[in-house]
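Participant: Dropping in protein21.cif, with mmCIF, C-alpha atoms.
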data_query
#
loop_
_atom_site.label_atom_id
_atom_site.label_comp_id
_atom_site.auth_asym_id
_atom_site.auth_seq_id
_atom_site.Cartn_x
_atom_site.Cartn_y
_atom_site.Cartn_z
CA MET D 1 14.26 -25.82 -6.62
CA LEU D 2 14.14 -25.29 -2.87
CA SER D 3 14.08 -21.49 -3.30
CA GLN D 4 11.24 -21.71 -5.81
CA ASP D 5 9.23 -23.97 -3.52
CA LYS D 6 9.71 -21.48 -0.68
CA ALA D 7 8.57 -18.63 -2.91
CA LYS D 8 5.45 -20.62 -3.88
CA GLU D 9 4.62 -21.33 -0.24
CA GLU D 10 4.98 -17.65 0.67
CA LEU D 11 2.80 -16.66 -2.27
CA ILE D 12 0.07 -19.16 -1.47
CA PHE D 13 -0.01 -18.02 2.17
CA MET D 14 -0.46 -14.36 1.19
CA LEU D 15 -3.23 -15.23 -1.29
CA GLN D 16 -5.05 -17.12 1.44
CA GLN D 17 -4.74 -14.12 3.73
CA GLU D 18 -6.11 -11.64 1.20
CA THR D 19 -9.29 -13.68 0.71
CA SER D 20 -9.89 -14.30 4.40
CA SER D 21 -8.54 -12.04 7.13
CA TYR D 22 -7.67 -9.14 4.86
CA SER D 23 -10.43 -9.03 2.25
CA ILE D 24 -12.02 -5.63 1.61
CA GLU D 25 -15.73 -5.76 2.46
CA MET D 26 -17.07 -3.61 -0.35
CA ASN D 27 -16.40 -0.97 -3.01
CA TYR D 28 -17.39 1.98 -0.84
CA LEU D 29 -17.13 4.48 -3.70
CA TYR D 30 -19.72 2.56 -5.70
CA ASP D 31 -21.98 2.54 -2.66
CA ALA D 32 -21.56 6.31 -2.27
CA VAL D 33 -22.74 6.88 -5.83
CA ARG D 34 -25.60 4.40 -5.50
CA SER D 35 -26.84 5.94 -2.24
CA ASN D 36 -27.06 9.27 -4.02
CA GLY D 37 -29.13 7.78 -6.80
CA GLY D 38 -26.28 8.35 -9.21
CA GLY D 39 -27.17 12.05 -9.26
CA THR D 40 -25.26 15.23 -8.54
CA VAL D 41 -22.58 14.84 -5.90
CA LYS D 42 -23.44 16.75 -2.74
CA LYS D 43 -20.92 18.99 -1.02
CA GLY D 44 -18.60 17.00 1.23
CA MET D 45 -19.53 13.64 -0.30
CA LEU D 46 -16.72 11.17 -0.93
CA THR D 47 -15.82 10.86 -4.62
CA GLU D 48 -13.22 9.05 -6.72
CA THR D 49 -11.44 12.34 -7.29
CA PHE D 50 -11.17 12.96 -3.56
CA ARG D 51 -9.83 9.45 -2.96
CA ARG D 52 -7.14 10.02 -5.59
CA ARG D 53 -6.15 13.23 -3.84
CA VAL D 54 -5.81 11.49 -0.49
CA CYS D 55 -3.80 8.63 -2.04
CA GLY D 56 -1.63 11.17 -3.84
CA TRP D 57 -0.97 12.94 -0.54
CA ILE D 58 0.06 9.62 1.06
CA PHE D 59 2.56 8.98 -1.73
CA GLU D 60 3.93 12.52 -1.49
CA VAL D 61 4.59 12.18 2.26
CA VAL D 62 6.22 8.77 1.75
CA ASP D 63 8.39 10.30 -0.99
CA TYR D 64 9.33 13.24 1.21
CA PHE D 65 10.50 11.04 4.09
CA GLN D 66 12.04 8.55 1.63
CA TYR D 67 10.17 5.56 3.00
CA ASP D 68 9.61 2.40 1.00
CA TYR D 69 6.44 2.42 -1.10
CA GLU D 70 5.25 -0.63 0.81
CA ILE D 71 4.35 1.80 3.60
CA ALA D 72 2.10 3.75 1.22
CA ALA D 73 0.49 0.49 0.07
CA ILE D 74 -0.24 -0.53 3.66
CA ALA D 75 -1.61 2.91 4.55
CA ILE D 76 -3.98 2.82 1.57
CA TYR D 77 -5.12 -0.66 2.56
CA TYR D 78 -5.97 0.64 6.06
CA LEU D 79 -7.83 3.56 4.48
CA ASP D 80 -9.86 1.35 2.14
CA GLN D 81 -10.57 -1.35 4.70
CA VAL D 82 -11.73 1.01 7.45
CA THR D 83 -13.87 3.09 5.08
CA SER D 84 -15.39 -0.07 3.63
CA ILE D 85 -16.33 -1.34 7.10
CA GLN D 86 -17.73 2.03 8.16
CA THR D 87 -19.82 2.37 5.01
CA ASN D 88 -21.15 -1.17 5.30
CA ARG D 89 -22.12 -0.88 8.97
CA ARG D 90 -23.65 2.58 8.75
CA GLY D 91 -25.50 1.97 5.52
CA LYS D 92 -24.38 5.34 4.19
CA PRO D 93 -21.20 6.83 2.71
CA VAL D 94 -18.34 8.30 4.69
CA MET D 95 -17.93 12.04 4.10
CA GLN D 96 -14.77 13.74 2.89
CA LEU D 97 -13.57 15.23 6.18
CA GLU D 98 -13.77 11.91 8.05
CA TYR D 99 -12.14 10.16 5.10
CA GLN D 100 -9.28 12.65 5.16
CA LEU D 101 -8.75 12.04 8.87
CA THR D 102 -8.69 8.28 8.25
CA GLY D 103 -6.11 8.83 5.51
CA VAL D 104 -3.83 10.88 7.77
CA THR D 105 -4.15 8.34 10.58
CA SER D 106 -3.60 5.40 8.20
CA LEU D 107 -0.27 6.81 7.12
CA TYR D 108 0.72 7.59 10.71
CA LEU D 109 -0.08 4.00 11.74
CA ALA D 110 1.70 2.43 8.76
CA ILE D 111 4.86 4.44 9.40
CA LYS D 112 4.77 3.63 13.09
CA LEU D 113 4.49 -0.10 12.43
CA TYR D 114 6.60 -0.56 9.31
CA ARG D 115 9.43 1.93 9.18
CA THR D 116 12.84 0.30 9.55
CA ASN D 117 15.07 0.96 12.53
CA GLY D 118 17.31 3.24 10.51
CA GLU D 119 14.48 5.47 9.34
CA SER D 120 13.27 8.49 11.26
CA ARG D 121 9.64 8.62 12.31
CA PRO D 122 7.75 11.90 12.40
CA ASP D 123 5.95 12.22 15.71
CA ILE D 124 2.19 12.44 15.88
CA GLN D 125 2.36 16.22 16.22
CA ALA D 126 3.99 16.35 12.78
CA PHE D 127 0.87 14.77 11.31
CA THR D 128 -1.30 17.55 12.64
CA SER D 129 0.96 19.90 10.69
CA LEU D 130 0.89 17.67 7.61
CA SER D 131 -2.91 17.87 7.73
CA GLN D 132 -2.55 21.66 7.64
CA GLY D 133 -4.08 21.92 11.08
CA HIS D 134 -7.39 20.28 10.14
CA PHE D 135 -6.91 17.56 12.75
CA SER D 136 -5.62 17.66 16.31
CA LEU D 137 -3.37 15.19 18.08
CA GLU D 138 -6.45 13.92 19.93
CA ASP D 139 -8.33 13.40 16.63
CA ILE D 140 -5.54 11.22 15.27
CA GLU D 141 -5.10 9.20 18.46
CA ARG D 142 -8.84 8.57 18.75
CA THR D 143 -9.09 7.56 15.09
CA GLU D 144 -6.09 5.23 15.40
CA LEU D 145 -7.74 3.25 18.19
CA GLU D 146 -11.05 3.14 16.31
CA MET D 147 -9.31 1.90 13.17
CA LEU D 148 -7.50 -0.86 15.04
CA ARG D 149 -10.78 -1.95 16.59
CA LEU D 150 -12.59 -2.00 13.24
CA MET D 151 -9.78 -4.02 11.63
CA ASN D 152 -9.65 -6.39 14.62
CA TRP D 153 -5.99 -5.45 14.99
CA ARG D 154 -5.17 -7.08 11.65
CA VAL D 155 -2.44 -4.73 10.49
CA ASN D 156 -0.23 -6.95 8.29
CA PRO D 157 -2.03 -6.99 4.93
CA PRO D 158 -0.53 -8.78 1.93
CA THR D 159 -0.22 -5.83 -0.43
CA SER D 160 0.33 -5.93 -4.18
CA VAL D 161 3.85 -4.59 -3.58
CA HIS D 162 4.72 -7.49 -1.25
CA ILE D 163 3.02 -10.12 -3.43
CA GLY D 164 4.85 -8.69 -6.43
CA VAL D 165 8.18 -9.36 -4.73
CA SER D 166 7.21 -13.01 -4.22
CA LEU D 167 6.13 -13.30 -7.85
CA LEU D 168 9.45 -11.86 -8.97
CA LYS D 169 11.25 -14.53 -6.98
CA LEU D 170 9.62 -17.03 -9.34
CA VAL D 171 10.94 -15.05 -12.32
CA SER D 172 14.35 -15.10 -10.66
CA GLU D 173 14.30 -18.88 -10.21
CA CYS D 174 13.22 -19.42 -13.83
CA TRP D 175 15.98 -17.14 -15.03
CA LYS D 176 18.67 -18.83 -12.95
CA GLN D 177 17.92 -22.09 -14.71
CA ASN D 178 19.01 -20.41 -17.95
CA GLU D 179 22.26 -19.22 -16.35
CA SER D 180 21.99 -16.10 -18.47
CA SER D 181 24.61 -13.37 -18.20
CA GLU D 182 21.72 -10.90 -18.46
CA TYR D 183 20.27 -12.04 -15.15
CA GLU D 184 22.11 -9.73 -12.76
CA ASN D 185 21.28 -6.55 -14.69
CA SER D 186 17.82 -7.38 -15.99
CA LEU D 187 15.86 -8.57 -12.96
CA PRO D 188 16.11 -5.21 -11.14
CA LYS D 189 14.61 -3.55 -14.22
CA ILE D 190 11.62 -5.91 -14.12
CA PHE D 191 11.26 -5.18 -10.43
CA GLU D 192 11.28 -1.40 -10.90
CA VAL D 193 8.78 -1.38 -13.76
CA SER D 194 6.40 -3.85 -12.10
CA ARG D 195 6.51 -1.83 -8.89
CA TYR D 196 5.69 1.29 -10.87
CA PHE D 197 2.48 -0.36 -12.10
CA THR D 198 1.47 -1.46 -8.62
CA LYS D 199 1.98 2.10 -7.40
CA LEU D 200 -0.05 3.45 -10.28
CA SER D 201 -2.96 1.12 -9.53
CA PHE D 202 -3.45 2.44 -5.99
CA ASN D 203 -4.67 5.75 -7.37
CA VAL D 204 -7.30 4.23 -9.66
CA PRO D 205 -10.37 3.13 -7.65
CA GLY D 206 -11.72 1.11 -10.56
CA ILE D 207 -8.68 -1.13 -10.19
CA SER D 208 -7.66 -0.99 -6.55
CA LEU D 209 -11.19 -1.49 -5.17
CA ASN D 210 -12.33 -4.09 -7.70
CA TYR D 211 -9.26 -6.31 -8.04
CA LYS D 212 -7.40 -8.26 -5.37
CA ALA D 213 -3.83 -7.32 -4.50
CA SER D 214 -2.57 -10.57 -6.00
CA GLU D 215 -4.30 -9.86 -9.33
CA ILE D 216 -2.75 -6.40 -9.45
CA ALA D 217 0.69 -7.79 -8.61
CA PHE D 218 0.47 -10.53 -11.27
CA ALA D 219 -0.70 -8.06 -13.90
CA SER D 220 2.06 -5.61 -12.96
CA VAL D 221 4.76 -8.25 -13.47
CA LEU D 222 3.18 -9.24 -16.80
CA CYS D 223 3.24 -5.56 -17.83
CA ALA D 224 6.90 -5.26 -16.90
CA ILE D 225 7.84 -8.38 -18.83
CA GLU D 226 5.83 -7.26 -21.87
CA ILE D 227 7.49 -3.84 -21.92
CA LEU D 228 11.04 -5.02 -21.25
CA LYS D 229 11.33 -8.46 -22.84
CA ASP D 230 12.81 -7.22 -26.13
CA ARG D 231 15.14 -4.78 -24.37
CA ILE D 232 16.64 -7.22 -21.89
CA SER D 233 16.74 -10.33 -24.08
CA LEU D 234 14.22 -12.20 -21.97
CA PRO D 235 13.74 -15.66 -23.51
CA ASP D 236 10.12 -16.55 -24.32
CA TRP D 237 10.41 -19.81 -22.41
CA ILE D 238 11.11 -17.95 -19.16
CA GLN D 239 7.98 -15.84 -19.57
CA SER D 240 5.93 -18.96 -20.37
CA GLU D 241 7.36 -20.94 -17.46
CA PHE D 242 6.72 -18.05 -15.06
CA ILE D 243 3.06 -17.80 -16.14
CA THR D 244 2.60 -21.57 -15.95
CA THR D 245 4.16 -21.73 -12.48
CA VAL D 246 1.94 -18.93 -11.14
CA ILE D 247 -1.26 -20.39 -12.59
CA GLU D 248 -0.49 -23.92 -11.38
CA SER D 249 0.53 -22.73 -7.89
CA THR D 250 -2.27 -20.23 -7.21
CA ASN D 251 -5.86 -19.36 -8.06
CA LEU D 252 -4.70 -16.57 -10.35
CA THR D 253 -5.74 -16.82 -14.00
CA LEU D 254 -4.06 -15.65 -17.17
CA GLU D 255 -7.35 -14.17 -18.37
CA SER D 256 -7.71 -11.76 -15.44
CA GLY D 257 -3.97 -11.06 -15.48
CA THR D 258 -3.88 -10.06 -19.15
CA THR D 259 -7.11 -8.06 -18.89
CA LEU D 260 -5.78 -6.02 -15.99
CA CYS D 261 -2.37 -5.78 -17.64
CA GLY D 262 -4.08 -4.13 -20.62
CA LEU D 263 -5.76 -1.62 -18.31
CA LEU D 264 -2.50 -0.76 -16.58
CA LEU D 265 -0.63 -0.37 -19.86
CA HIS D 266 -3.36 1.99 -21.03
CA LEU D 267 -2.86 4.05 -17.88
CA ALA D 268 0.90 4.31 -18.25
CA PRO D 269 2.76 6.97 -20.21
CA SER D 270 4.74 6.05 -23.32
CA THR D 271 6.57 2.77 -22.77
CA ASN D 272 9.75 4.46 -24.03
CA GLU D 273 9.99 6.03 -20.59
CA PHE D 274 10.63 2.60 -19.09
CA ASP D 275 14.10 2.26 -20.57
CA THR D 276 15.22 3.81 -17.30
CA PRO D 277 12.32 3.85 -14.82
CA SER D 278 12.25 7.07 -12.85
CA GLY D 279 11.60 6.94 -9.15
CA ASN D 280 10.72 10.64 -9.28
CA THR D 281 7.53 10.16 -11.28
CA SER D 282 4.66 10.42 -8.82
CA PRO D 283 1.98 7.78 -9.50
CA GLY D 284 -0.49 10.11 -7.86
CA THR D 285 0.28 12.79 -10.44
CA VAL D 286 0.14 10.34 -13.35
CA ALA D 287 -3.18 8.90 -12.21
CA ARG D 288 -4.77 12.31 -11.74
CA ASP D 289 -3.65 13.40 -15.20
CA ILE D 290 -4.86 10.37 -17.16
CA TYR D 291 -7.55 8.67 -15.11
CA ASP D 292 -10.40 10.60 -16.74
CA ASN D 293 -9.36 9.28 -20.15
CA ILE D 294 -10.39 5.70 -19.32
CA GLN D 295 -13.82 6.42 -17.86
#
As structure tokens, what does this structure read like?
Facilitator:
Amino acid sequence: MLSQDKAKEELIFMLQQETSSYSIEMNYLYDAVRSNGGGTVKKGMLTETFRRRVCGWIFEVVDYFQYDYEIAAIAIYYLDQVTSIQTNRRGKPVMQLEYQLTGVTSLYLAIKLYRTNGESRPDIQAFTSLSQGHFSLEDIERTELEMLRLMNWRVNPPTSVHIGVSLLKLVSECWKQNESSEYENSLPKIFEVSRYFTKLSFNVPGISLNYKASEIAFASVLCAIEILKDRISLPDWIQSEFITTVIESTNLTLESGTTLCGLLLHLAPSTNEFDTPSGNTSPGTVARDIYDNIQ
């Protein structure tokens, strides 16, 4: 029980962080539409489509350098937080070019802070090339300092990827109590599928800007369990105990979890594809292909 208690403490701490030091100020995309009177989008104005493209680019770079997806999650948090603050303080939307620069710099900063010692780090000059020459070294350096100032140097956000890992520790502890021979092979499958859903959510503004990271993480684990429970012989009591433990230990609710789980399942391709989750499927590509179908 000691391991489960430690997992609960870690989870509670991250949930406290996301509602205090790391809460996103506002849905800046909604504000962009409202400031335009809901009318025709002007040239250069930030849109949901443009945000998806920037997020997709972040994932593609992370894939290329084979970094952990947690780096992409952190970079997108920086992007959303800084843009939210800028929009709120200026009283008007951020335009596409500035948003793109913030996206490039967010990824540069996340890689610099979070890559492991064994991973290579592209230098800042590489990011000017990755931006296809739109931004200079000086642009990125200046934006990095401005971003750190706006975020008050709070650069360790509790992302849905990280919270999801803590939630899965609770699944692990519940499973160990059953001493099931399926444990060793099945938990990694739940991890891979739940992480797929968290990655998918980053590209959908209606989810990532309106739900907390913890809600997305909880829903993603519920989705994974729902999809895999018949394939990995997951006992119903483990699912029930996991849900009960999460609800009793946190401020998360089953209602919001199942609602968001339904949204994520609707976004995903055929669940048959989750027999062997593919790390090569780009969530950016999936989101761009199917996002319009749920508007």
Participant: Up to 9 Å from (-9.3, -1.8, -3.5) in the file's coordinates: name the residues, counting all atoms listed in the file, as an mmCIF file with C-alpha atoms, in the coordinates of the input.
Facilitator:
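Listing of part_15.cif after writing:
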data_model
loop_
_atom_site.group_PDB
_atom_site.id
_atom_site.type_symbol
_atom_site.label_atom_id
_atom_site.label_comp_id
_atom_site.auth_asym_id
_atom_site.auth_seq_id
_atom_site.Cartn_x
_atom_site.Cartn_y
_atom_site.Cartn_z
ATOM 1 C CA ILE D 24 -12.020 -5.630 1.610
ATOM 2 C CA MET D 26 -17.070 -3.610 -0.350
ATOM 3 C CA ASN D 27 -16.400 -0.970 -3.010
ATOM 4 C CA ILE D 76 -3.980 2.820 1.570
ATOM 5 C CA TYR D 77 -5.120 -0.660 2.560
ATOM 6 C CA ASP D 80 -9.860 1.350 2.140
ATOM 7 C CA GLN D 81 -10.570 -1.350 4.700
ATOM 8 C CA PHE D 202 -3.450 2.440 -5.990
ATOM 9 C CA VAL D 204 -7.300 4.230 -9.660
ATOM 10 C CA PRO D 205 -10.370 3.130 -7.650
ATOM 11 C CA GLY D 206 -11.720 1.110 -10.560
ATOM 12 C CA ILE D 207 -8.680 -1.130 -10.190
ATOM 13 C CA SER D 208 -7.660 -0.990 -6.550
ATOM 14 C CA LEU D 209 -11.190 -1.490 -5.170
ATOM 15 C CA ASN D 210 -12.330 -4.090 -7.700
ATOM 16 C CA TYR D 211 -9.260 -6.310 -8.040
ATOM 17 C CA LYS D 212 -7.400 -8.260 -5.370
ATOM 18 C CA ALA D 213 -3.830 -7.320 -4.500
#
Participant: When you draw a straight line from CA of Ile111 in chain D to CA of Ile71 in chain D, how long is it in Å?
Facilitator: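 Going from CA of Ile111 in chain D over to CA of Ile71 in chain D covers 6.4 Å.
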Participant: Once the PyMOL selection byres ((chain D and resi 147-162) around 9) has been evaluated on this model, what residues remain selected, and can you format them as a PyMOL selection string?
Facilitator: chain D and resi 14-15+17-18+21-22+69-70+73-74+77-79+81-82+85-86+102+105-106+110+113+142-146+163-167+194-195+198-199+212-218+220
Participant: When you draw a straight line from CA of Leu260 in chain D to CA of Leu200 in chain D, how long is it in Å?
Facilitator: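 These two atoms are separated by 12.5 Å.
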Participant: Near Leu46 in chain D, counting all atoms listed in the file, which residues have an atom at most 10 Å away, once you skip same-chain residues fewer than 6 positions from it, shown as a ChimeraX atom specification?
Facilitator: /D:28-29,32-33,93-100
Participant: Please write the residues picked by the PyMOL selection byres ((chain D and resi 65) around 9) on this file as number ranges by chain.
Facilitator: D: 60-64, 66-67, 119-122
Participant: List, as a list of chain:residue names, every residue that the PyMOL selection byres ((chain D and resi 237-245) around 8) selects in the file provided.
Facilitator: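 Checked against the file, the PyMOL selection byres ((chain D and resi 237-245) around 8) matches D:Leu170, D:Val171, D:Cys174, D:Trp175, D:Ile225, D:Leu234, D:Pro235, D:Asp236, D:Val246, D:Ile247, D:Glu248, D:Ser249, D:Leu254.
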Participant: What is the distance between CA of Lys8 in chain D and CA of Lys169 in chain D, in Å to one decimal?
Facilitator: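 It comes out at 9.0 Å.
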Participant: Let me have the centre and edge lengths of the axis-aligned box enclosing all listed atoms of range 11-24 of chain D with 4 Å padding on every side, in Å to one decimal, as lines of an AutoDock Vina configuration file.
Facilitator:
center_x = -4.6
center_y = -12.4
center_z = 2.4
size_x = 22.8
size_y = 21.5
size_z = 17.4
Participant: Residues within 7 Å of Cys261 in chain D, please, as a CSV table (one decimal) with C-alpha atoms, in the frame of the given file. Count all atoms listed in the file; anything in the same chain fewer than 5 positions from it doesn't count.
Facilitator:
chain,number,residue,atom,x,y,z
D,219,ALA,CA,-0.7,-8.1,-13.9
D,220,SER,CA,2.1,-5.6,-13.0
D,222,LEU,CA,3.2,-9.2,-16.8
D,223,CYS,CA,3.2,-5.6,-17.8
